[in-house]
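Asker: Pasting entry-v4.txt below, which is compact mmCIF, C-alpha atoms.
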```txt
# COMPACT_ATOMS: atom_id res chain seq x y z
CA MET Z 12 23.16 1.38 -12.26
CA ILE Z 13 22.42 -1.49 -14.62
CA HIS Z 14 19.43 -1.59 -16.95
CA ALA Z 15 17.29 -4.73 -16.82
CA ASP Z 16 13.73 -5.91 -17.46
CA LEU Z 17 12.30 -8.35 -14.94
CA SER Z 18 9.58 -9.53 -17.29
CA LYS Z 19 12.07 -10.86 -19.86
CA LEU Z 20 14.07 -14.08 -19.96
CA ASP Z 21 17.54 -13.59 -18.47
CA LEU Z 22 16.17 -10.33 -16.99
CA GLY Z 23 16.89 -8.52 -20.25
CA LEU Z 24 20.54 -8.20 -19.25
CA SER Z 25 23.38 -7.78 -21.70
CA LYS Z 26 26.17 -10.35 -21.48
CA GLU Z 27 28.53 -7.73 -20.05
CA ASN Z 28 26.13 -6.58 -17.35
CA ARG Z 29 25.29 -10.14 -16.41
CA GLU Z 30 29.00 -10.82 -15.86
CA ARG Z 31 29.30 -7.68 -13.72
CA LEU Z 32 26.43 -8.78 -11.51
CA LEU Z 33 28.06 -12.12 -10.69
CA ASP Z 34 30.21 -10.34 -8.07
CA THR Z 35 27.09 -9.38 -6.09
CA ASN Z 36 27.15 -10.00 -2.32
CA VAL Z 37 23.61 -9.05 -1.30
CA ILE Z 38 20.32 -8.94 -3.24
CA PHE Z 39 17.27 -7.00 -2.06
CA HIS Z 40 14.55 -8.08 -4.46
CA ALA Z 41 11.93 -5.37 -4.00
CA ALA Z 42 11.09 -4.78 -7.66
CA ALA Z 43 7.46 -5.51 -8.56
CA THR Z 44 4.39 -4.06 -10.13
CA VAL Z 45 2.24 -2.95 -7.20
CA ARG Z 46 -0.81 -1.89 -9.20
CA PHE Z 47 -3.75 -3.86 -7.82
CA ASN Z 48 -5.60 -3.92 -11.14
CA GLU Z 49 -2.59 -4.82 -13.28
CA PRO Z 50 -3.41 -7.20 -16.18
CA ILE Z 51 -2.52 -10.73 -15.14
CA ARG Z 52 0.11 -11.19 -17.87
CA ILE Z 53 2.10 -8.14 -16.76
CA ALA Z 54 1.76 -9.02 -13.06
CA VAL Z 55 2.90 -12.61 -13.65
CA ASN Z 56 5.84 -11.67 -15.87
CA ILE Z 57 7.20 -9.08 -13.43
CA ASN Z 58 6.29 -10.49 -10.02
CA ILE Z 59 6.75 -14.21 -10.72
CA ARG Z 60 8.93 -14.65 -13.79
CA GLY Z 61 11.26 -11.86 -12.64
CA THR Z 62 11.65 -13.51 -9.23
CA LYS Z 63 12.44 -16.89 -10.77
CA GLN Z 64 14.98 -15.42 -13.17
CA LEU Z 65 16.70 -13.47 -10.39
CA LEU Z 66 16.93 -16.59 -8.20
CA LEU Z 67 18.49 -18.52 -11.08
CA LEU Z 68 21.00 -15.71 -11.57
CA ALA Z 69 21.74 -15.67 -7.83
CA LYS Z 70 22.77 -19.33 -8.03
CA GLU Z 71 25.61 -18.27 -10.33
CA MET Z 72 26.97 -15.71 -7.82
CA PRO Z 73 29.87 -17.33 -5.92
CA LYS Z 74 30.12 -14.48 -3.39
CA LEU Z 75 26.40 -14.17 -2.59
CA LYS Z 76 25.81 -13.86 1.15
CA SER Z 77 22.15 -12.95 1.31
CA PHE Z 78 19.02 -12.76 -0.84
CA VAL Z 79 16.09 -10.84 0.66
CA TYR Z 80 12.75 -11.19 -1.11
CA VAL Z 81 10.28 -8.40 -0.35
CA SER Z 82 6.75 -9.79 -0.41
CA THR Z 83 3.64 -8.33 1.24
CA ALA Z 84 1.80 -9.08 4.47
CA PHE Z 85 -1.33 -9.56 2.34
CA SER Z 86 0.11 -12.18 -0.02
CA HIS Z 87 -2.09 -14.76 1.71
CA CYS Z 88 -4.94 -12.44 2.70
CA VAL Z 89 -7.42 -15.22 1.97
CA ASN Z 90 -6.51 -16.41 5.50
CA ASN Z 91 -7.77 -14.49 8.53
CA PHE Z 92 -4.71 -15.43 10.60
CA ILE Z 93 -1.40 -15.13 8.77
CA GLU Z 94 1.60 -16.84 10.33
CA GLU Z 95 5.27 -16.62 9.43
CA ARG Z 96 5.21 -19.75 7.32
CA TYR Z 97 4.63 -20.94 3.79
CA TYR Z 98 1.09 -21.39 2.55
CA PRO Z 99 -0.02 -23.44 -0.45
CA ALA Z 100 0.37 -21.36 -3.60
CA PRO Z 101 -2.81 -20.74 -5.61
CA MET Z 102 -0.94 -22.10 -8.66
CA GLU Z 103 2.49 -23.58 -9.33
CA THR Z 104 5.11 -21.18 -10.65
CA ASP Z 105 5.94 -22.97 -13.87
CA LYS Z 106 2.30 -23.73 -14.67
CA ILE Z 107 1.25 -20.09 -14.57
CA LEU Z 108 4.32 -19.05 -16.55
CA ILE Z 109 3.40 -21.57 -19.23
CA LEU Z 110 -0.20 -20.36 -19.15
CA VAL Z 111 0.68 -16.72 -19.85
CA ASP Z 112 3.07 -17.84 -22.59
CA ILE Z 113 0.50 -19.85 -24.55
CA VAL Z 114 -2.77 -17.96 -23.93
CA ASP Z 115 -3.56 -14.62 -25.60
CA ASP Z 116 -4.56 -11.48 -23.69
CA GLU Z 117 -8.27 -11.76 -24.47
CA LYS Z 118 -8.53 -15.27 -23.03
CA LEU Z 119 -6.32 -14.38 -20.06
CA ASP Z 120 -8.61 -11.49 -19.17
CA LYS Z 121 -11.58 -13.85 -19.29
CA PHE Z 122 -9.75 -16.41 -17.14
CA MET Z 123 -8.57 -13.85 -14.58
CA PRO Z 124 -11.59 -13.86 -12.20
CA THR Z 125 -11.52 -17.66 -12.08
CA LEU Z 126 -7.73 -17.73 -11.91
CA ILE Z 127 -7.27 -15.44 -8.90
CA ASP Z 128 -10.28 -17.02 -7.17
CA ASP Z 129 -10.52 -15.67 -3.59
CA TRP Z 130 -7.55 -13.33 -3.93
CA PRO Z 131 -8.69 -9.68 -4.19
CA ASN Z 132 -6.40 -8.65 -7.06
CA SER Z 133 -3.58 -9.69 -9.37
CA TYR Z 134 -0.96 -8.15 -7.07
CA ALA Z 135 -1.70 -10.26 -3.98
CA TYR Z 136 -2.25 -13.32 -6.17
CA THR Z 137 1.11 -13.10 -7.94
CA LYS Z 138 2.99 -12.27 -4.73
CA ALA Z 139 1.55 -15.43 -3.14
CA ILE Z 140 2.89 -17.50 -6.03
CA ALA Z 141 6.20 -15.62 -5.98
CA GLU Z 142 6.75 -16.69 -2.36
CA ASP Z 143 6.46 -20.27 -3.49
CA THR Z 144 8.84 -19.45 -6.33
CA VAL Z 145 11.39 -18.40 -3.70
CA ARG Z 146 10.79 -21.62 -1.77
CA GLN Z 147 11.18 -23.74 -4.88
CA TYR Z 148 14.15 -22.06 -6.57
CA SER Z 149 16.23 -20.97 -3.55
CA ILE Z 150 17.89 -24.33 -2.84
CA GLY Z 151 21.55 -23.60 -2.10
CA ILE Z 152 21.00 -19.84 -1.67
CA PRO Z 153 20.91 -17.95 1.66
CA VAL Z 154 17.40 -16.47 1.43
CA CYS Z 155 14.71 -14.89 3.59
CA ILE Z 156 11.26 -13.43 2.88
CA VAL Z 157 10.03 -10.17 4.40
CA ARG Z 158 6.31 -9.36 4.31
CA PRO Z 159 5.74 -5.65 5.05
CA SER Z 160 2.18 -4.41 5.45
CA ILE Z 161 1.05 -1.04 3.99
CA VAL Z 162 4.18 1.11 3.71
CA ILE Z 163 3.75 4.85 4.33
CA SER Z 164 5.98 7.88 4.98
CA THR Z 165 9.34 7.71 6.75
CA ALA Z 166 9.57 8.34 10.49
CA GLU Z 167 13.19 9.52 10.67
CA GLU Z 168 15.40 8.46 7.73
CA PRO Z 169 16.49 10.10 5.50
CA VAL Z 170 14.17 12.81 6.90
CA SER Z 171 10.86 12.75 8.75
CA GLY Z 172 7.77 12.49 6.56
CA TRP Z 173 9.44 11.66 3.24
CA ILE Z 174 7.24 9.92 0.65
CA ASN Z 175 7.18 9.83 -3.16
CA ASN Z 176 3.93 8.07 -4.11
CA VAL Z 177 0.19 8.18 -3.42
CA TYR Z 178 -0.53 4.47 -3.14
CA GLY Z 179 -2.82 3.05 -0.46
CA ALA Z 180 -3.18 4.89 2.83
CA VAL Z 181 -1.03 7.82 1.67
CA GLY Z 182 -3.40 8.37 -1.26
CA VAL Z 183 -6.36 8.50 1.14
CA VAL Z 184 -4.65 11.03 3.41
CA MET Z 185 -3.47 13.18 0.52
CA GLY Z 186 -6.81 13.09 -1.28
CA SER Z 187 -8.72 14.12 1.83
CA ALA Z 188 -6.15 16.79 2.77
CA ILE Z 189 -6.61 18.69 -0.49
CA GLY Z 190 -10.40 18.45 -0.18
CA LEU Z 191 -10.92 16.07 -3.08
CA LEU Z 192 -11.63 12.76 -1.31
CA ARG Z 193 -14.60 12.99 1.07
CA THR Z 194 -15.71 9.43 1.76
CA LEU Z 195 -14.08 6.02 2.13
CA HIS Z 196 -15.62 2.59 2.55
CA CYS Z 197 -13.74 1.72 5.72
CA ASP Z 198 -14.45 0.29 9.16
CA PRO Z 199 -13.04 2.99 11.45
CA ASP Z 200 -12.57 0.55 14.33
CA LYS Z 201 -10.38 -1.86 12.35
CA VAL Z 202 -6.62 -1.66 12.77
CA ALA Z 203 -4.83 0.27 10.02
CA GLU Z 204 -2.08 -2.17 9.08
CA ILE Z 205 0.55 0.46 8.25
CA VAL Z 206 4.33 0.72 8.81
CA PRO Z 207 6.87 3.54 8.22
CA ALA Z 208 9.10 3.12 5.16
CA ASP Z 209 12.39 3.59 7.01
CA TYR Z 210 11.42 1.00 9.64
CA VAL Z 211 10.85 -1.45 6.79
CA ILE Z 212 14.22 -0.63 5.21
CA SER Z 213 16.00 -1.10 8.56
CA HIS Z 214 14.32 -4.47 8.95
CA LEU Z 215 15.35 -5.53 5.45
CA ILE Z 216 18.99 -4.63 6.15
CA VAL Z 217 19.04 -6.48 9.46
CA ALA Z 218 17.29 -9.49 7.89
CA ALA Z 219 19.99 -9.52 5.19
CA TRP Z 220 22.71 -9.36 7.87
CA ASP Z 221 21.12 -12.19 9.85
CA THR Z 222 20.68 -14.33 6.74
CA ALA Z 223 24.33 -13.82 5.81
CA LYS Z 224 25.41 -14.57 9.36
CA ARG Z 225 23.46 -17.84 9.33
CA LYS Z 226 24.48 -18.73 5.77
CA ASP Z 227 26.94 -21.53 6.52
CA THR Z 228 24.72 -23.02 9.21
CA LEU Z 229 21.65 -22.95 6.99
CA LEU Z 230 23.40 -24.47 3.99
CA SER Z 231 24.99 -27.20 6.08
CA ILE Z 232 21.59 -28.05 7.60
CA GLU Z 233 20.10 -28.10 4.11
CA SER Z 234 22.76 -30.45 2.73
CA ALA Z 235 22.59 -32.76 5.76
CA ASN Z 236 18.82 -32.86 5.87
CA PRO Z 237 16.95 -32.20 2.61
CA ASN Z 238 13.68 -32.38 4.58
CA VAL Z 239 14.56 -29.47 6.88
CA PRO Z 240 11.45 -27.31 7.59
CA GLU Z 241 11.07 -24.66 4.91
CA THR Z 242 10.89 -21.74 7.34
CA GLU Z 243 14.13 -22.87 8.96
CA ARG Z 244 15.83 -22.87 5.59
CA VAL Z 245 14.09 -19.71 4.36
CA PRO Z 246 12.89 -17.57 7.29
CA ILE Z 247 9.71 -15.52 6.81
CA TYR Z 248 9.14 -12.22 8.61
CA ASN Z 249 5.68 -10.64 8.96
CA TYR Z 250 6.62 -6.99 9.34
CA VAL Z 251 3.34 -5.57 10.67
CA SER Z 252 2.12 -3.10 13.30
CA ILE Z 253 -0.90 -4.88 14.80
CA CYS Z 254 1.15 -7.22 16.99
CA GLN Z 255 3.14 -4.56 18.85
CA ASN Z 256 1.68 -1.11 18.18
CA PRO Z 257 -1.78 -1.09 16.55
CA ILE Z 258 -3.65 2.03 15.49
CA THR Z 259 -7.22 2.13 14.18
CA TRP Z 260 -8.23 3.80 10.93
CA LYS Z 261 -10.32 6.26 12.95
CA LYS Z 262 -7.37 7.39 15.06
CA PHE Z 263 -5.03 7.40 12.07
CA MET Z 264 -7.28 9.75 10.10
CA LYS Z 265 -8.08 11.93 13.12
CA LEU Z 266 -4.40 12.52 13.89
CA ASN Z 267 -3.80 13.37 10.23
CA GLU Z 268 -6.76 15.76 10.29
CA ILE Z 269 -5.38 17.59 13.34
CA SER Z 270 -1.90 17.82 11.85
CA GLY Z 271 -3.14 18.70 8.36
CA MET Z 272 -5.19 21.66 9.57
CA ARG Z 273 -2.02 23.15 11.06
CA VAL Z 274 -0.12 23.05 7.76
CA PRO Z 275 -2.66 23.44 4.90
CA SER Z 276 -1.22 23.66 1.40
CA LYS Z 277 -1.94 26.54 -0.94
CA HIS Z 278 -2.87 23.83 -3.49
CA ILE Z 279 -5.95 22.65 -1.58
CA ILE Z 280 -9.12 22.50 -3.64
CA TRP Z 281 -11.76 22.65 -0.92
CA TYR Z 282 -12.15 22.63 2.85
CA TYR Z 283 -11.56 19.32 4.64
CA MET Z 284 -14.63 17.10 4.98
CA PHE Z 285 -14.04 13.37 5.22
CA PHE Z 286 -16.10 10.39 6.40
CA LEU Z 287 -15.18 6.76 7.11
CA ASN Z 288 -18.25 4.67 6.29
CA LYS Z 289 -18.43 1.11 7.56
CA TYR Z 290 -21.42 0.24 5.41
CA LYS Z 291 -21.03 0.22 1.64
CA PHE Z 292 -24.57 1.49 1.00
CA VAL Z 293 -23.91 4.58 3.10
CA HIS Z 294 -20.56 5.09 1.36
CA ASP Z 295 -22.23 4.82 -2.06
CA VAL Z 296 -24.80 7.46 -1.06
CA TYR Z 297 -21.96 9.73 0.11
CA VAL Z 298 -20.15 9.18 -3.21
CA ILE Z 299 -23.20 10.42 -5.12
CA ILE Z 300 -23.77 13.43 -2.87
CA LEU Z 301 -20.18 14.46 -2.11
CA HIS Z 302 -18.35 13.35 -5.24
CA MET Z 303 -20.51 12.88 -8.31
CA ILE Z 304 -23.07 15.70 -7.95
CA PRO Z 305 -20.42 18.39 -7.19
CA ALA Z 306 -18.34 17.03 -10.09
CA VAL Z 307 -21.25 17.30 -12.54
CA ILE Z 308 -22.01 20.87 -11.40
CA PHE Z 309 -18.36 21.93 -11.57
CA ASP Z 310 -17.78 20.35 -14.99
CA THR Z 311 -20.97 21.94 -16.35
CA VAL Z 312 -19.69 25.36 -15.30
CA LEU Z 313 -16.33 24.63 -16.93
CA PHE Z 314 -18.07 23.57 -20.14
CA LEU Z 315 -20.23 26.71 -20.21
CA ILE Z 316 -17.22 28.99 -19.87
CA GLY Z 317 -15.37 27.14 -22.61
CA ARG Z 318 -12.96 25.09 -20.51
CA LYS Z 319 -12.40 21.34 -20.55
CA PRO Z 320 -14.45 19.37 -17.95
CA MET Z 321 -12.13 17.46 -15.60
CA LEU Z 322 -13.61 16.72 -12.18
CA LEU Z 323 -16.03 13.93 -13.12
CA LYS Z 324 -13.22 12.02 -14.83
CA ALA Z 325 -10.99 12.52 -11.77
CA TYR Z 326 -13.70 11.26 -9.41
CA LYS Z 327 -14.24 8.13 -11.50
CA LYS Z 328 -10.55 7.29 -10.97
CA ILE Z 329 -10.77 8.16 -7.29
CA ASN Z 330 -13.85 5.98 -6.80
CA GLN Z 331 -12.09 3.11 -8.56
CA PHE Z 332 -9.08 3.58 -6.25
CA THR Z 333 -11.21 3.63 -3.09
CA SER Z 334 -13.23 0.58 -4.16
CA THR Z 335 -9.97 -1.32 -4.70
CA ILE Z 336 -8.54 -0.55 -1.26
CA ALA Z 337 -11.89 -1.14 0.50
CA TYR Z 338 -10.98 -4.84 0.72
CA PHE Z 339 -8.13 -3.90 3.07
CA SER Z 340 -9.87 -1.07 4.95
CA THR Z 341 -13.01 -3.01 5.88
CA GLN Z 342 -11.44 -6.26 7.09
CA GLN Z 343 -9.16 -7.29 9.94
CA TRP Z 344 -6.32 -9.79 9.82
CA GLN Z 345 -4.38 -11.26 12.70
CA PHE Z 346 -0.67 -11.86 12.28
CA ASN Z 347 2.15 -13.64 14.02
CA ASN Z 348 5.49 -11.77 14.06
CA ASP Z 349 7.63 -13.89 16.39
CA ALA Z 350 10.47 -14.05 13.85
CA VAL Z 351 10.62 -10.24 13.71
CA VAL Z 352 10.71 -9.97 17.51
CA LYS Z 353 13.44 -12.62 17.74
CA LEU Z 354 15.46 -10.86 15.06
CA TRP Z 355 15.30 -7.64 17.08
CA SER Z 356 16.60 -9.51 20.12
CA ARG Z 357 19.71 -10.50 18.13
CA VAL Z 358 20.58 -6.90 17.25
CA THR Z 359 23.20 -5.20 19.41
CA PRO Z 360 22.28 -2.03 21.35
CA ALA Z 361 24.56 0.05 19.12
CA ASP Z 362 22.97 -1.29 15.91
CA ARG Z 363 19.49 -0.75 17.31
CA GLN Z 364 20.20 2.97 17.29
CA ILE Z 365 21.10 2.84 13.58
CA PHE Z 366 18.64 0.21 12.33
CA ASN Z 367 15.50 0.85 14.33
CA PHE Z 368 12.68 -1.42 13.18
CA ASN Z 369 11.01 -2.08 16.53
CA MET Z 370 7.38 -0.99 16.03
CA SER Z 371 6.96 -0.78 19.80
CA ASN Z 372 9.21 2.29 19.71
CA LEU Z 373 7.02 4.25 17.29
CA ASN Z 374 5.06 7.19 18.72
CA TRP Z 375 2.08 7.44 16.35
CA GLU Z 376 1.13 10.97 17.43
CA LEU Z 377 4.61 12.38 16.83
CA TYR Z 378 5.08 10.36 13.66
CA LEU Z 379 1.81 11.52 12.06
CA GLU Z 380 2.48 15.08 13.16
CA ASN Z 381 5.51 14.97 10.85
CA MET Z 382 3.73 13.06 8.09
CA MET Z 383 1.46 15.89 6.96
CA PRO Z 384 4.25 18.46 6.42
CA GLY Z 385 6.01 15.72 4.45
CA LEU Z 386 3.00 15.20 2.18
CA ARG Z 387 2.80 18.96 1.70
CA LEU Z 388 6.46 19.24 0.78
CA TYR Z 389 7.21 16.03 -1.14
CA LEU Z 390 3.89 15.27 -2.84
CA ALA Z 391 2.14 18.65 -3.17
CA LYS Z 392 5.55 20.29 -3.90
CA ASP Z 393 4.55 23.11 -1.59
CA PRO Z 394 7.41 24.41 0.64
CA MET Z 395 6.71 25.49 4.19
CA ASP Z 396 7.44 29.14 3.40
CA THR Z 397 3.99 29.32 1.73
CA LEU Z 398 2.29 28.28 4.97
CA ASP Z 399 0.66 31.67 5.58
CA GLU Z 400 -0.76 31.64 2.06
CA GLY Z 401 -2.08 28.12 2.62
CA ARG Z 402 -3.68 29.06 5.92
CA GLU Z 403 -5.40 32.08 4.38
CA LYS Z 404 -6.80 29.96 1.54
CA PHE Z 405 -7.91 27.33 4.03
CA ARG Z 406 -9.71 30.01 6.07
CA ARG Z 407 -11.54 31.35 3.01
CA LEU Z 408 -12.57 27.87 1.89
CA LYS Z 409 -13.86 27.17 5.40
CA VAL Z 410 -16.15 30.22 5.12
CA TYR Z 411 -17.33 29.14 1.64
CA HIS Z 412 -17.83 25.56 2.85
CA TYR Z 413 -20.01 26.37 5.82
CA SER Z 414 -21.88 29.07 3.91
CA LEU Z 415 -22.70 26.49 1.23
CA LEU Z 416 -23.78 23.95 3.84
CA THR Z 417 -26.02 26.58 5.46
CA VAL Z 418 -27.69 27.43 2.14
CA ILE Z 419 -28.19 23.75 1.28
CA THR Z 420 -29.64 23.07 4.74
CA ILE Z 421 -32.07 26.01 4.45
CA LEU Z 422 -33.18 24.84 1.00
CA LEU Z 423 -33.68 21.28 2.23
CA VAL Z 424 -35.72 22.43 5.21
CA TRP Z 425 -37.74 24.76 3.00
CA GLY Z 426 -38.32 21.91 0.51
CA ILE Z 427 -39.41 19.48 3.23
CA ILE Z 428 -41.77 22.05 4.75
CA SER Z 429 -43.25 22.83 1.32
CA ILE Z 430 -43.85 19.13 0.65
CA ILE Z 431 -45.49 18.68 4.07
CA ASN Z 432 -47.71 21.74 3.54
CA ARG Z 433 -48.77 20.48 0.12
CA ILE Z 434 -49.61 17.05 1.54
CA MET Z 435 -51.56 18.63 4.37
CA SER Z 436 -53.55 20.79 1.91
CA PHE Z 437 -54.90 17.65 0.25
CA LEU Z 438 -56.03 16.11 3.56
```
Take the structure in this file and express it as structure tokens.

Answerer:
Amino acid sequence: MIHADLSKLDLGLSKENRERLLDTNVIFHAAATVRFNEPIRIAVNINIRGTKQLLLLAKEMPKLKSFVYVSTAFSHCVNNFIEERYYPAPMETDKILILVDIVDDEKLDKFMPTLIDDWPNSYAYTKAIAEDTVRQYSIGIPVCIVRPSIVISTAEEPVSGWINNVYGAVGVVMGSAIGLLRTLHCDPDKVAEIVPADYVISHLIVAAWDTAKRKDTLLSIESANPNVPETERVPIYNYVSICQNPITWKKFMKLNEISGMRVPSKHIIWYYMFFLNKYKFVHDVYVIILHMIPAVIFDTVLFLIGRKPMLLKAYKKINQFTSTIAYFSTQQWQFNNDAVVKLWSRVTPADRQIFNFNMSNLNWELYLENMMPGLRLYLAKDPMDTLDEGREKFRRLKVYHYSLLTVITILLVWGIISIINRIMSFL
């Protein structure tokens, strides 16, 4: 392990560590800030400056065989159809690096909406520029770019259902499973562009192998013909699910619901109730009724008994999270993944067993059946030996949930009837 800082010049490496790294054979550049609402300065310094600095360091490595840059399938989400090719960068690498160096934070924050333009956030924006950074600074280096879509739990390796973060789709599943998240602005009929983590890793390894295998050919082509097509010199792989094995958000959440009810955690807060709302107005109404009003009531009770209110603050963060991912859950992109399919065709039968990245092979039902126990174990930190306790709590909360719904329904009906009777008395 070597300590470094991508946002700094020379990657923040000591002279000794820099010398040690010169013997590197393969680079997987997956380091990035993935926070969608990251301040533009931080996002640029890590995602763009770090990539440039690492490419410059790679040029000093005499034994380098392969450099794999991990981008995102949504780097150019401003296009409805995303092919495995380079797109014009929203801004040149060196220009944006100069900009963040000479402009203070206050002005940068003001510039940000204009700067990112049609891009939904600083993450996608900086990854789009970073791809062009790879194109520009990879001359003489065996490089490829892999664009995974939304990465979720593992299918098989190192174990089924492993995950260690609550970003994106995993956050939605986890939030709804514990009874905290109850509504999402999402078109249920759109394809959920998700891929298992271990499939992505297998693809990265095979892409590195293929890049190294083609190294001499690629570099000779490059030296003989400086105008060689960019994607021939630096292959791009759209690692997505829609092309070979699509699943809709509706089916994805339904399969998780079925699996989750079999293995409820003892840490659940309330009984499962979750809605995918295509229309933002309906979602906003659900947020008020299912998130904000219960939060105000709960926090008021906590305040009255002398405890610190907490739920309203939590729901404000949750609502910010869901509004951020709504861009990806309400739209549909089409992709081309011919390079991924061709790469699979070059893998031997024996290696296919070890490095399985063929999305056509994935059984969504079986995969998601294993995902929920994984969330329970690795995120909720709740081992399976507490399953009986979790099921009992889930049963009690179900009784409380439907009892509460019954009372609310009776009160609503009574209120409506009272209003009608009062109106009729004036007629």

Asker: Using all atoms listed in the file, what table do you get, as a Markdown table, when you list each residue of segment 311-378 of chain Z with an atom no more than 12 Å from segment 267-278 of chain Z, its nearest pair of atoms, and their distance in Å rounded to one decimal, rows by chain then rising number?

Answerer:
```
| residue | atom | partner | partner_atom | distance |
| --- | --- | --- | --- | --- |
| Z:Trp375 | CA | Z:Asn267 | CA | 10.4 |
| Z:Glu376 | CA | Z:Asn267 | CA | 9.1 |
| Z:Leu377 | CA | Z:Ser270 | CA | 9.8 |
| Z:Tyr378 | CA | Z:Asn267 | CA | 10.0 |
```

Asker: What's the separation between atom CA of Pro153 of chain Z and atom CA of Thr62 of chain Z, in Å to one decimal place?

Answerer: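 Rounded to one decimal, the two atoms are 15.0 Å apart.
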
Asker: Excluding segment 404-411 of chain Z and residues on its chain fewer than 4 positions from it, collect all residues at most 8 Å away from it, counting only C-alpha atoms, and give them as JSON, numbers by chain.

Answerer: {"Z": [275, 277, 279, 281, 282, 400, 415]}

Asker: Identify, on the basis of all atoms listed in the file, every residue whose closest approach to Gln331 of chain Z does not exceed 12 Å; exclude the query and any residue fewer than 6 positions from it along the same chain; express the result as a list in words.

Answerer: Phe47, Asn48, Leu195, His196, Val298, Lys324, Ala325 and Ala337 of chain Z

Asker: When you count all atoms listed in the file, which of these residues is closest to Val206 of chain Z: Z:Leu379, Z:Met123, Z:Ile107, Z:Leu323?

Answerer: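 Selected residue with least distance to Val206 of chain Z: Z:Leu379.
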
Asker: Excluding Pro207 of chain Z and its own-chain neighbours fewer than 5 positions away, which residues fall within 12 Å of it when counting only C-alpha atoms? Please give them as a PyMOL selection string.

Answerer: chain Z and resi 159-174+180-181+212-214+250-252+367-370+372-375+378-379+381-382

Asker: Take the point (13.3, -8.2, -10.7) as written in the file and pick out every residue within 10 Å of it, counting only C-alpha atoms; give the list as a PyMOL selection string.

Answerer: chain Z and resi 15-19+22+39-44+56-66

Asker: Those same residues - C-alpha atoms - I'd like them written as an mmCIF file, in the coordinates of the input.

Answerer:
```cif
data_model
loop_
_atom_site.group_PDB
_atom_site.id
_atom_site.type_symbol
_atom_site.label_atom_id
_atom_site.label_comp_id
_atom_site.auth_asym_id
_atom_site.auth_seq_id
_atom_site.Cartn_x
_atom_site.Cartn_y
_atom_site.Cartn_z
ATOM 1 C CA ALA Z 15 17.290 -4.730 -16.820
ATOM 2 C CA ASP Z 16 13.730 -5.910 -17.460
ATOM 3 C CA LEU Z 17 12.300 -8.350 -14.940
ATOM 4 C CA SER Z 18 9.580 -9.530 -17.290
ATOM 5 C CA LYS Z 19 12.070 -10.860 -19.860
ATOM 6 C CA LEU Z 22 16.170 -10.330 -16.990
ATOM 7 C CA PHE Z 39 17.270 -7.000 -2.060
ATOM 8 C CA HIS Z 40 14.550 -8.080 -4.460
ATOM 9 C CA ALA Z 41 11.930 -5.370 -4.000
ATOM 10 C CA ALA Z 42 11.090 -4.780 -7.660
ATOM 11 C CA ALA Z 43 7.460 -5.510 -8.560
ATOM 12 C CA THR Z 44 4.390 -4.060 -10.130
ATOM 13 C CA ASN Z 56 5.840 -11.670 -15.870
ATOM 14 C CA ILE Z 57 7.200 -9.080 -13.430
ATOM 15 C CA ASN Z 58 6.290 -10.490 -10.020
ATOM 16 C CA ILE Z 59 6.750 -14.210 -10.720
ATOM 17 C CA ARG Z 60 8.930 -14.650 -13.790
ATOM 18 C CA GLY Z 61 11.260 -11.860 -12.640
ATOM 19 C CA THR Z 62 11.650 -13.510 -9.230
ATOM 20 C CA LYS Z 63 12.440 -16.890 -10.770
ATOM 21 C CA GLN Z 64 14.980 -15.420 -13.170
ATOM 22 C CA LEU Z 65 16.700 -13.470 -10.390
ATOM 23 C CA LEU Z 66 16.930 -16.590 -8.200
#
```

Asker: Starting from the block above, write segment 289-313 of chain Z out to a file with C-alpha atoms, as a short mmCIF file (atom, residue, chain, number, x, y, z; two decimals), in the first residue's frame, please.

Answerer:
```cif
data_model
loop_
_atom_site.label_atom_id
_atom_site.label_comp_id
_atom_site.auth_asym_id
_atom_site.auth_seq_id
_atom_site.Cartn_x
_atom_site.Cartn_y
_atom_site.Cartn_z
CA LYS Z 289 -43.54 8.39 -12.50
CA TYR Z 290 -44.89 11.90 -12.02
CA LYS Z 291 -42.96 14.31 -9.83
CA PHE Z 292 -46.10 16.02 -8.49
CA VAL Z 293 -47.42 12.71 -7.19
CA HIS Z 294 -44.01 11.89 -5.70
CA ASP Z 295 -43.90 15.29 -3.96
CA VAL Z 296 -47.34 14.67 -2.44
CA TYR Z 297 -46.16 11.25 -1.22
CA VAL Z 298 -43.05 12.87 0.29
CA ILE Z 299 -45.22 15.20 2.36
CA ILE Z 300 -47.62 12.48 3.48
CA LEU Z 301 -45.23 9.55 3.94
CA HIS Z 302 -42.00 11.30 4.90
CA MET Z 303 -42.39 14.80 6.26
CA ILE Z 304 -45.61 14.54 8.31
CA PRO Z 305 -44.55 11.29 10.09
CA ALA Z 306 -41.12 12.87 10.71
CA VAL Z 307 -42.65 15.98 12.31
CA ILE Z 308 -44.92 13.86 14.53
CA PHE Z 309 -42.09 11.53 15.56
CA ASP Z 310 -39.65 14.37 16.27
CA THR Z 311 -42.29 16.22 18.30
CA VAL Z 312 -42.75 13.16 20.49
CA LEU Z 313 -38.97 12.87 20.91
#
```
